[in-house]
Amino acid sequence: MTTKSPSSSGSRRRARIKSGLLDDARRLPLLLILPSFLLIATFVVYPIIYTVTLASQEYSPYLGGERTWVGAENYFRVLSDATFWHTLRVSVIWVAGSVCPQFLLGLAMALMLNETFRGRGIVRTIVLAPWAVSGVVTGIIWLWLFDGTIGVINAILVQIGLVNIPIAWGIDEWATWFMVLVANAWRGAPFFAITLLAALQTIDKQLYEAARVDGATTIQRFRYITLPLLVNTIVLTTLLRALWTFNFVDLIWTMTRGGPVDATKTLPIYIFDVAYQRGDFGYAAALSVALCLILLVFAALYWQLNRFSSRETA
Amino acid sequence: MTFTLSRRRLLAAGASLGVTALSGGAVRAQSGRTKITFAFPFPIGLEGIEALAKSFMEKTPSIEVEVQLIPIGQVIPKLTAAFSGGVGPDCLAMSDAWLSQFARGGWLENLEPYISAASMDKDILPGMMGIARMYKNTAYYVPYMTEAYTLYYNKKHFAEAGIKAPPADLDEFRSVAMKLTDAQKNRYGYYVLGSSGAQVQQWTTWMLETGGLGEGRSWFDASGNCILAGDKHVEGLESWVSLYQRDKVSPAASATGTAQDQANAFSADQISMLFGWGGYLTSLAEAVGEESLGTALPPAGPAGNYFYFAGNGFSINAASPNKEAAWEFLQYILQPENVAEWNRTSGAIPANITTWNSSWLSQEKYAAPMSMLAAEPQLINHPRYLPGYASFQLQTAPELIQKTLLGRQTPRQHAEAVVQAINELRAKAEQ
């Protein structure tokens with residue numbers, strides 16, 4: 001006959017409690033990340049899988065909604081679709097034409113707002129206000145400013161005698177580009193201003209004082225102190241903004257609807273047309289996959305640069 | 001320990017929420033009240049429909065109606081996503097431009113049994129019942145309003161220019177538009193409308209009135225080919241394009257202008273004539289004053305005088321679990337006195353012809369559209385029943401006409417591209 005000593009049963013109980021706690025300790029992080037995981041799986045992973053699957057099908061919900069498996073046919077259609085290449089080119093112009101002036105304006109604004117002057121708080125608020133305005137509202141504001149009938153810009157041009165009759169901005173390709181890019185610069189520059197201002201405020205003032213003692217001019221101080229210390233922020237924000245602008249539809253759609261003809265029709269507008277106007281959802285999904293791959297290049301660049309920048313900071 | 005307690009509390013909170021939700025459902029079931037949703041996608045008439053929903057609920061306490069506004073630009077994506085997922089509003093107001101698309105998707109209820117049980121179609125304008133039955137000869141909506149494509153003009157501008165009456169034919173239209181134009185004063189006779197809005201109706205009016213209609217007052221000949229590239233039709237298009245390019249009677253910006261831009265130009269006294277649907281009867285009158293707004297038939301061409309007509313109706317979602325309640329609500333709105341009052345406040349002409357003797361419809365501005373709607377042999381049957389025609393109107397046509405107006409293609413190339421697109425749509429529909 002064996003008897004359990006009180007001490008051995010106590011140690012087993014202690015071990016059980018310990019392992020239970022350990023289980024809880026292991027389970028806790030998993031349970032904590034579970035909601036995020038479920039959200040990402042539902043709202044990010046599932047739509048991607050669904051879109052990729054749809055891209056291999058012929059599917060028009062307006063024609064009864066039957067799905068036919070077509071394999072890679074829709075992807076081949078993308079490659080031979082002249083409108084896809086045209087809209088991709090338009091998207092590149094849209095991104096480059098938007099981000100460059102936004103950055104330059106934003107940098108100028110950040111440099112100005114970094115200086116100490118009376119009423120700086122109010123000026124900062126006013127300068128940053130356009131960032132809070134939606135794309136559609138921005139589009140409507142600028143459309144009215146440029147309007148041929150009631151537009152302020154045309155009224156000024158006519159009054160100062162630069163033109164005899166109002167300019168029809170929307171019928172000329174480059175005038176239309178000018179119009180939408182100005183509107184987008186107005187809206188997007190505050191984003192650069194905010195981020196660059198934050199970066200400017202981290203630069204040690206002693207560096208400027210030392211440079212001043214050494215006789216460096218304002219331009220030299222900007223060239224050799226400010227710019228090198230801002231470069232990481234500039235690259236990352238520019239990439240991020242490019243990524244957003246590529247997908248940005250509301251402003252350009254409100255102002256031009258892709259016209260004149262198809263001069264400002266970007267890839268996202270084309271995808272929307274193919275899906276909801278033509279009802280060709282399978283092909284629209286293939287176009288979306290192509291768009292996603294293009295954006296992945298930006299995302300990969302952003303990720304790499306972010307890693308590089310973190311390593312440098314460390 | 002804290003975690004265990006929090007988890008328990010969380011579970012308890014979840015359970016109590018579940019019980020509350022279930023009991024709420026039970027209360028609703030016990031009360032026997034059916035809740036339906038009604039989607040309204042038009043900018044004009046929302047207040048009227050909300051008032052009707054309120055009075056309906058007072059008279060029928062067993063049904064609760066929730067009116068939802070869908071912005072018109074989001075109708076197709078929103079309803080496509082909802083309907084294809086088997087959800088969406090129980091009933092809704094629907095444009096004839098979307099009817100075929102949604103009916104073809106199998107998302108709209110066949111309303112024939114409801115209409116015949118209520119003996120409703122005898123009171124509705126025959127042309128509108130024709131539109132309601134455009135897909136498979138089955139009514140997927142009940143028309144509640146109708147409109148004709150009308151020439152609107154500014155009487156004050158006409159009087160200033162010494163013009164006594166609106167132009168009766170296409171040649172007179174040109175000379176009147178030229179007389180009204182003074183580019184130095186930023187004043188133009190007309191607006192060509194090159195972007196979204198009812199622009200197809202504009203240039204095809206010139207084509208069809210010069211080249212004539214096809215079989216059954218349609219765009220097709222007896223063998224089913226689109227007729228719009230005939231020599232005479234192209235001639236009609238050339239004369240319309242020359243209003244912009246040669247005569248310059250329309251603002252330069254109008255080549256890419258939208259229906260809203262057109263209305264803005266009229267309201268701001270920049271233009272004197274425009275074409276459009278019934279919504280302008282109210283909005284333009286508000287802008288320039290009732291006394292200054294004139295309406296007229298589109299000018300006649302050498303091949304005749306033809307009119308586009310359209311209208312909106314009510315549909316029921318085929319997947320709705322509350323179809324009977326939805327129909328009860330729709331029937332209430334469609335009662336002649338209700339539909340007449342609602343259309344009066346929104347400025348539209350009711351599709352129910354028994355209301356046409358209402359005093360408000362005797363106003364001068366309604367005379368032209370009502371005379372067109374009554375002239376059935378002159379009404380154009382354009383191919384809105386074809387799958388993809390809505391896309392042609394919204395996407396293909398604006399790009400084509402902008403190209404033509406801006407001189408990047410000839411009117412003949414334009415006509416040939418239109419014929420190709422329409423024939424393709426027809427071939428696809430017949431497959």
# chains A, B, ... in the order shown; residues from 1 in each chain; ligands from 1

call {"tool": "select_by_dssp", "arguments": {"residues": "segment 28-265 of chain A", "states": "helix (DSSP H, G or I)", "output": "MDAnalysis selection string"}}
result
chainID A and resid 28:54 61:63 73:79 82:114 120:132 135:146 152:159 169:171 173:200 205:213 218:247 250:256

call {"tool": "interface_residues", "arguments": {"of": "chain A", "to": "chain B", "cutoff": "10 Å", "atoms": "only C-alpha atoms", "output": "count of residues only"}}
result
39

call {"tool": "select_by_dssp", "arguments": {"residues": "segment 116-284 of chain B", "states": "strand (DSSP E)", "output": "VMD selection string"}}
result
chain B and resid 142 to 148 150 to 154 273 to 276

call {"tool": "residues_around", "arguments": {"residues": "segment 39-46 of chain B", "least_positions_apart": "4", "cutoff": "10 Å", "atoms": "only C-alpha atoms", "output": "ChimeraX atom specification"}}
result
/B:50-52,66-75,79,88-95,279,282-283,312,314-315,342-348

call {"tool": "residues_around", "arguments": {"residues": "Asp231 of chain B", "least_positions_apart": "2", "cutoff": "12 Å", "atoms": "only C-alpha atoms", "output": "short mmCIF file (atom, residue, chain, number, x, y, z; two decimals) with N, CA and C atoms, in the first residue's frame"}}
result
data_model
loop_
_atom_site.label_atom_id
_atom_site.label_comp_id
_atom_site.auth_asym_id
_atom_site.auth_seq_id
_atom_site.Cartn_x
_atom_site.Cartn_y
_atom_site.Cartn_z
N MET B 207 -30.34 64.34 -85.23
CA MET B 207 -30.12 63.24 -86.19
C MET B 207 -31.45 62.63 -86.63
N LEU B 208 -32.33 62.36 -85.67
CA LEU B 208 -33.59 61.66 -86.00
C LEU B 208 -34.56 62.59 -86.73
N THR B 210 -33.70 64.84 -88.75
CA THR B 210 -33.18 65.06 -90.11
C THR B 210 -33.24 63.76 -90.91
N GLY B 211 -32.92 62.65 -90.25
CA GLY B 211 -32.87 61.36 -90.97
C GLY B 211 -34.09 60.48 -90.77
N GLY B 212 -34.92 60.75 -89.80
CA GLY B 212 -36.13 59.95 -89.56
C GLY B 212 -35.92 58.83 -88.56
N ILE B 227 -29.89 52.78 -87.13
CA ILE B 227 -29.99 53.61 -88.35
C ILE B 227 -29.17 54.91 -88.27
N LEU B 228 -28.53 55.16 -87.15
CA LEU B 228 -28.00 56.51 -86.92
C LEU B 228 -26.80 56.92 -87.79
N ALA B 229 -26.25 55.98 -88.58
CA ALA B 229 -25.12 56.39 -89.43
C ALA B 229 -25.55 56.65 -90.87
N HIS B 233 -28.88 61.23 -91.27
CA HIS B 233 -28.65 61.32 -89.82
C HIS B 233 -27.33 62.03 -89.53
N VAL B 234 -26.32 61.70 -90.32
CA VAL B 234 -25.01 62.35 -90.13
C VAL B 234 -25.14 63.85 -90.43
N GLU B 235 -25.94 64.16 -91.45
CA GLU B 235 -26.17 65.57 -91.79
C GLU B 235 -26.78 66.31 -90.58
N GLY B 236 -27.72 65.65 -89.93
CA GLY B 236 -28.36 66.24 -88.74
C GLY B 236 -27.34 66.48 -87.65
N LEU B 237 -26.45 65.51 -87.44
CA LEU B 237 -25.42 65.66 -86.41
C LEU B 237 -24.47 66.80 -86.76
N GLU B 238 -24.13 66.88 -88.07
CA GLU B 238 -23.22 67.95 -88.51
C GLU B 238 -23.81 69.33 -88.20
N PRO B 411 -18.25 64.14 -87.48
CA PRO B 411 -19.59 63.63 -87.14
C PRO B 411 -19.86 62.25 -87.73
N ARG B 412 -19.32 61.98 -88.93
CA ARG B 412 -19.55 60.64 -89.49
C ARG B 412 -18.86 59.57 -88.63
N GLN B 413 -17.63 59.83 -88.23
CA GLN B 413 -16.93 58.87 -87.35
C GLN B 413 -17.70 58.67 -86.05
N ALA B 415 -20.97 59.06 -85.64
CA ALA B 415 -22.19 58.27 -85.91
C ALA B 415 -21.85 56.79 -86.08
N GLU B 416 -20.75 56.52 -86.75
CA GLU B 416 -20.36 55.10 -86.96
C GLU B 416 -20.00 54.43 -85.63
#

call {"tool": "residues_around", "arguments": {"residues": "segment 71-85 of chain A", "least_positions_apart": "2", "cutoff": "10 Å", "atoms": "only C-alpha atoms", "output": "short mmCIF file (atom, residue, chain, number, x, y, z; two decimals) with all heavy atoms, in the first residue's frame"}}
result
data_model
loop_
_atom_site.label_atom_id
_atom_site.label_comp_id
_atom_site.auth_asym_id
_atom_site.auth_seq_id
_atom_site.Cartn_x
_atom_site.Cartn_y
_atom_site.Cartn_z
N THR A 53 -10.07 35.86 -56.83
CA THR A 53 -10.94 34.80 -57.36
C THR A 53 -11.85 35.36 -58.45
O THR A 53 -12.00 34.77 -59.52
CB THR A 53 -11.82 34.20 -56.23
OG1 THR A 53 -10.98 33.94 -55.11
CG2 THR A 53 -12.51 32.93 -56.65
N LEU A 54 -12.43 36.52 -58.16
CA LEU A 54 -13.35 37.15 -59.11
C LEU A 54 -12.63 37.48 -60.43
O LEU A 54 -13.23 37.40 -61.50
CB LEU A 54 -13.92 38.43 -58.49
CG LEU A 54 -15.14 39.07 -59.15
CD1 LEU A 54 -16.32 38.10 -59.14
CD2 LEU A 54 -15.52 40.34 -58.42
N ALA A 55 -11.35 37.82 -60.32
CA ALA A 55 -10.58 38.18 -61.52
C ALA A 55 -10.42 36.99 -62.46
O ALA A 55 -10.10 37.17 -63.65
CB ALA A 55 -9.21 38.70 -61.11
N SER A 56 -10.65 35.80 -61.97
CA SER A 56 -10.54 34.61 -62.83
C SER A 56 -11.92 34.16 -63.31
O SER A 56 -12.07 33.05 -63.78
CB SER A 56 -9.89 33.47 -62.06
OG SER A 56 -8.64 33.87 -61.61
N GLN A 57 -12.90 35.02 -63.14
CA GLN A 57 -14.26 34.65 -63.55
C GLN A 57 -14.86 35.71 -64.46
O GLN A 57 -14.44 36.87 -64.43
CB GLN A 57 -15.16 34.53 -62.31
CG GLN A 57 -14.75 33.41 -61.38
CD GLN A 57 -15.53 33.44 -60.08
OE1 GLN A 57 -16.06 34.47 -59.69
NE2 GLN A 57 -15.60 32.31 -59.42
N GLU A 58 -15.84 35.28 -65.24
CA GLU A 58 -16.64 36.25 -65.98
C GLU A 58 -17.90 36.41 -65.16
O GLU A 58 -18.61 35.44 -64.93
CB GLU A 58 -16.95 35.71 -67.37
CG GLU A 58 -17.46 36.78 -68.31
CD GLU A 58 -17.77 36.22 -69.67
OE1 GLU A 58 -16.83 35.75 -70.36
OE2 GLU A 58 -18.95 36.21 -70.02
N THR A 68 -18.65 32.37 -64.61
CA THR A 68 -17.98 31.39 -65.46
C THR A 68 -16.49 31.50 -65.22
O THR A 68 -15.93 32.61 -65.23
CB THR A 68 -18.26 31.70 -66.96
OG1 THR A 68 -19.63 32.06 -67.09
CG2 THR A 68 -17.93 30.52 -67.85
N TRP A 69 -15.85 30.38 -65.01
CA TRP A 69 -14.41 30.36 -64.76
C TRP A 69 -13.66 30.64 -66.07
O TRP A 69 -13.89 29.96 -67.05
CB TRP A 69 -14.00 29.00 -64.18
CG TRP A 69 -12.57 28.97 -63.76
CD1 TRP A 69 -11.53 28.45 -64.46
CD2 TRP A 69 -12.02 29.49 -62.55
NE1 TRP A 69 -10.36 28.62 -63.77
CE2 TRP A 69 -10.63 29.27 -62.59
CE3 TRP A 69 -12.57 30.16 -61.44
CZ2 TRP A 69 -9.78 29.65 -61.56
CZ3 TRP A 69 -11.71 30.54 -60.42
CH2 TRP A 69 -10.35 30.29 -60.48
N THR A 87 -4.98 54.88 -69.01
CA THR A 87 -5.36 55.34 -67.67
C THR A 87 -4.19 55.20 -66.68
O THR A 87 -4.08 55.99 -65.74
CB THR A 87 -6.60 54.59 -67.14
OG1 THR A 87 -6.38 53.19 -67.23
CG2 THR A 87 -7.85 54.95 -67.91
N LEU A 88 -3.33 54.22 -66.94
CA LEU A 88 -2.14 54.07 -66.08
C LEU A 88 -1.21 55.28 -66.28
O LEU A 88 -0.68 55.84 -65.31
CB LEU A 88 -1.42 52.76 -66.42
CG LEU A 88 -0.21 52.42 -65.56
CD1 LEU A 88 -0.60 52.28 -64.09
CD2 LEU A 88 0.43 51.11 -66.03
N ARG A 89 -1.05 55.67 -67.55
CA ARG A 89 -0.21 56.84 -67.86
C ARG A 89 -0.81 58.10 -67.19
O ARG A 89 -0.11 58.90 -66.59
CB ARG A 89 -0.13 57.02 -69.38
CG ARG A 89 0.84 58.09 -69.85
CD ARG A 89 0.86 58.19 -71.37
NE ARG A 89 -0.42 58.62 -71.91
CZ ARG A 89 -0.78 59.90 -72.07
NH1 ARG A 89 0.05 60.86 -71.74
NH2 ARG A 89 -1.96 60.22 -72.56
N VAL A 90 -2.14 58.22 -67.31
CA VAL A 90 -2.83 59.36 -66.69
C VAL A 90 -2.62 59.34 -65.17
O VAL A 90 -2.36 60.38 -64.55
CB VAL A 90 -4.34 59.33 -67.03
CG1 VAL A 90 -5.12 60.36 -66.21
CG2 VAL A 90 -4.56 59.58 -68.51
N SER A 91 -2.67 58.14 -64.58
CA SER A 91 -2.47 58.02 -63.13
C SER A 91 -1.08 58.47 -62.72
O SER A 91 -0.90 59.11 -61.67
CB SER A 91 -2.69 56.57 -62.67
OG SER A 91 -4.03 56.22 -62.84
N ASP A 262 -11.05 61.55 -72.46
CA ASP A 262 -10.59 60.69 -71.37
C ASP A 262 -9.22 61.15 -70.85
O ASP A 262 -8.46 60.37 -70.32
CB ASP A 262 -10.52 59.22 -71.83
CG ASP A 262 -9.63 59.06 -73.05
OD1 ASP A 262 -9.11 60.07 -73.54
OD2 ASP A 262 -9.44 57.92 -73.51
N LYS A 265 -8.78 60.57 -67.09
CA LYS A 265 -9.37 59.33 -66.55
C LYS A 265 -8.26 58.47 -65.95
O LYS A 265 -7.44 57.89 -66.66
CB LYS A 265 -10.09 58.58 -67.67
CG LYS A 265 -10.88 57.39 -67.14
CD LYS A 265 -11.43 56.55 -68.27
CE LYS A 265 -12.87 56.86 -68.52
NZ LYS A 265 -13.48 55.95 -69.49
N THR A 266 -8.23 58.39 -64.63
CA THR A 266 -7.19 57.61 -63.96
C THR A 266 -7.64 56.14 -63.86
O THR A 266 -8.81 55.82 -64.11
CB THR A 266 -6.93 58.16 -62.54
OG1 THR A 266 -8.16 58.13 -61.83
CG2 THR A 266 -6.37 59.55 -62.56
N LEU A 267 -6.71 55.30 -63.47
CA LEU A 267 -7.00 53.86 -63.40
C LEU A 267 -8.16 53.54 -62.43
O LEU A 267 -9.06 52.77 -62.80
CB LEU A 267 -5.72 53.10 -63.03
CG LEU A 267 -5.75 51.57 -63.13
CD1 LEU A 267 -6.32 51.07 -64.45
CD2 LEU A 267 -4.36 51.00 -62.91
N TYR A 270 -11.37 54.29 -64.16
CA TYR A 270 -11.63 53.29 -65.20
C TYR A 270 -12.19 52.00 -64.58
O TYR A 270 -13.15 51.41 -65.09
CB TYR A 270 -10.34 53.02 -65.97
CG TYR A 270 -10.48 51.99 -67.08
CD1 TYR A 270 -11.52 52.06 -68.00
CD2 TYR A 270 -9.56 50.94 -67.20
CE1 TYR A 270 -11.64 51.11 -69.01
CE2 TYR A 270 -9.68 50.00 -68.21
CZ TYR A 270 -10.72 50.09 -69.11
OH TYR A 270 -10.85 49.15 -70.11
N ILE A 271 -11.61 51.59 -63.45
CA ILE A 271 -12.08 50.36 -62.79
C ILE A 271 -13.55 50.53 -62.35
O ILE A 271 -14.37 49.63 -62.54
CB ILE A 271 -11.18 50.01 -61.58
CG1 ILE A 271 -9.78 49.63 -62.07
CG2 ILE A 271 -11.78 48.86 -60.76
CD1 ILE A 271 -8.74 49.48 -60.97
N GLY A 282 -15.84 40.85 -63.31
CA GLY A 282 -14.66 39.97 -63.39
C GLY A 282 -13.46 40.73 -63.92
O GLY A 282 -12.37 40.69 -63.35
N TYR A 283 -13.68 41.48 -65.01
CA TYR A 283 -12.59 42.24 -65.60
C TYR A 283 -12.16 43.39 -64.68
O TYR A 283 -10.97 43.68 -64.54
CB TYR A 283 -13.00 42.76 -66.98
CG TYR A 283 -11.88 43.46 -67.70
CD1 TYR A 283 -10.63 42.84 -67.83
CD2 TYR A 283 -12.04 44.73 -68.23
CE1 TYR A 283 -9.58 43.48 -68.46
CE2 TYR A 283 -11.00 45.38 -68.87
CZ TYR A 283 -9.77 44.76 -68.98
OH TYR A 283 -8.73 45.40 -69.60
N ALA A 284 -13.15 44.01 -64.03
CA ALA A 284 -12.83 45.09 -63.08
C ALA A 284 -11.95 44.54 -61.95
O ALA A 284 -11.02 45.22 -61.49
CB ALA A 284 -14.10 45.70 -62.52
N ALA A 285 -12.22 43.31 -61.53
CA ALA A 285 -11.40 42.69 -60.47
C ALA A 285 -9.97 42.47 -60.96
O ALA A 285 -9.01 42.71 -60.22
CB ALA A 285 -12.02 41.37 -60.03
N ALA A 286 -9.82 42.04 -62.23
CA ALA A 286 -8.47 41.84 -62.78
C ALA A 286 -7.73 43.17 -62.84
O ALA A 286 -6.53 43.24 -62.53
CB ALA A 286 -8.57 41.22 -64.17
N LEU A 287 -8.44 44.24 -63.22
CA LEU A 287 -7.82 45.57 -63.24
C LEU A 287 -7.42 45.99 -61.82
O LEU A 287 -6.36 46.59 -61.62
CB LEU A 287 -8.79 46.60 -63.83
CG LEU A 287 -9.03 46.53 -65.33
CD1 LEU A 287 -10.26 47.36 -65.72
CD2 LEU A 287 -7.83 47.04 -66.12
N VAL A 289 -6.56 43.98 -59.40
CA VAL A 289 -5.37 43.21 -59.02
C VAL A 289 -4.13 43.89 -59.62
O VAL A 289 -3.09 44.04 -58.94
CB VAL A 289 -5.49 41.74 -59.48
CG1 VAL A 289 -4.18 40.99 -59.25
CG2 VAL A 289 -6.61 41.04 -58.72
N ALA A 290 -4.24 44.33 -60.88
CA ALA A 290 -3.12 45.02 -61.52
C ALA A 290 -2.78 46.29 -60.74
O ALA A 290 -1.60 46.58 -60.48
CB ALA A 290 -3.47 45.35 -62.96
#

call {"tool": "atom_distance", "arguments": {"atom1": "atom CA of Ile269 of chain A", "atom2": "atom CA of Phe246 of chain A"}}
result
10.7 Å

call {"tool": "residues_around", "arguments": {"residues": "Asp250 of chain A", "least_positions_apart": "6", "cutoff": "8 Å", "atoms": "only C-alpha atoms", "output": "ChimeraX atom specification"}}
result
/A:135-136,139

call {"tool": "write_last_selection", "arguments": {"atoms": "C-alpha atoms", "output": "PDB file, in the first residue's frame"}}
result
ATOM      1  CA  GLY A 135     -12.057  65.684 -51.804  1.00  0.00           C
ATOM      2  CA  VAL A 136     -15.561  66.242 -53.167  1.00  0.00           C
ATOM      3  CA  GLY A 139     -13.470  69.678 -56.148  1.00  0.00           C
TER       4      GLY A 139
END

call {"tool": "closest_residue", "arguments": {"among": "A:Ala210, A:Leu181, A:Cys292, A:Val235", "to": "Ala96 of chain A", "atoms": "only C-alpha atoms"}}
result
A:Leu181

call {"tool": "residues_around", "arguments": {"residues": "Phe191 of chain A", "least_positions_apart": "6", "cutoff": "9 Å", "atoms": "only C-alpha atoms", "output": "tab-separated table (two decimals) with all heavy atoms, in the first residue's frame"}}
result
chain	number	residue	atom	x	y	z
A	102	GLN	N	2.70	69.65	-54.10
A	102	GLN	CA	2.25	69.54	-52.71
A	102	GLN	C	3.45	69.56	-51.77
A	102	GLN	O	3.44	70.21	-50.73
A	102	GLN	CB	1.47	68.24	-52.50
A	102	GLN	CG	0.05	68.31	-53.00
A	102	GLN	CD	-0.66	66.98	-52.89
A	102	GLN	OE1	-0.27	66.12	-52.11
A	102	GLN	NE2	-1.70	66.80	-53.68
A	103	PHE	N	4.49	68.82	-52.17
A	103	PHE	CA	5.68	68.75	-51.33
A	103	PHE	C	6.36	70.11	-51.23
A	103	PHE	O	6.71	70.58	-50.13
A	103	PHE	CB	6.66	67.69	-51.88
A	103	PHE	CG	8.05	67.86	-51.37
A	103	PHE	CD1	8.34	67.61	-50.03
A	103	PHE	CD2	9.07	68.32	-52.19
A	103	PHE	CE1	9.62	67.80	-49.53
A	103	PHE	CE2	10.34	68.52	-51.70
A	103	PHE	CZ	10.62	68.26	-50.36
A	106	GLY	N	4.25	72.44	-49.24
A	106	GLY	CA	4.23	71.98	-47.85
A	106	GLY	C	5.53	72.31	-47.14
A	106	GLY	O	5.53	72.74	-45.99
A	128	LEU	N	-3.38	74.91	-42.20
A	128	LEU	CA	-3.65	73.47	-42.15
A	128	LEU	C	-5.11	73.12	-42.45
A	128	LEU	O	-5.45	71.96	-42.65
A	128	LEU	CB	-3.25	72.89	-40.79
A	128	LEU	CG	-1.77	73.11	-40.39
A	128	LEU	CD1	-1.49	72.48	-39.04
A	128	LEU	CD2	-0.82	72.53	-41.44
A	131	TRP	N	-6.61	70.60	-45.27
A	131	TRP	CA	-6.44	69.16	-45.06
A	131	TRP	C	-7.71	68.53	-44.49
A	131	TRP	O	-7.99	67.35	-44.69
A	131	TRP	CB	-5.24	68.92	-44.13
A	131	TRP	CG	-4.91	67.48	-43.90
A	131	TRP	CD1	-4.88	66.84	-42.70
A	131	TRP	CD2	-4.53	66.51	-44.86
A	131	TRP	NE1	-4.52	65.53	-42.86
A	131	TRP	CE2	-4.30	65.30	-44.19
A	131	TRP	CE3	-4.37	66.54	-46.25
A	131	TRP	CZ2	-3.92	64.12	-44.84
A	131	TRP	CZ3	-4.00	65.38	-46.91
A	131	TRP	CH2	-3.79	64.20	-46.20
A	237	THR	N	7.15	60.48	-46.43
A	237	THR	CA	5.86	61.16	-46.63
A	237	THR	C	5.52	61.24	-48.12
A	237	THR	O	4.36	61.11	-48.51
A	237	THR	CB	5.86	62.58	-46.03
A	237	THR	OG1	7.03	63.25	-46.47
A	237	THR	CG2	5.79	62.56	-44.54
A	241	ARG	N	2.20	59.69	-49.62
A	241	ARG	CA	1.26	60.56	-50.33
A	241	ARG	C	1.03	60.05	-51.76
A	241	ARG	O	-0.09	60.12	-52.27
A	241	ARG	CB	1.82	61.99	-50.35
A	241	ARG	CG	0.86	63.00	-50.87
A	241	ARG	CD	-0.23	63.36	-49.87
A	241	ARG	NE	-1.27	64.15	-50.52
A	241	ARG	CZ	-2.55	63.96	-50.36
A	241	ARG	NH1	-3.00	63.04	-49.55
A	241	ARG	NH2	-3.43	64.70	-50.99
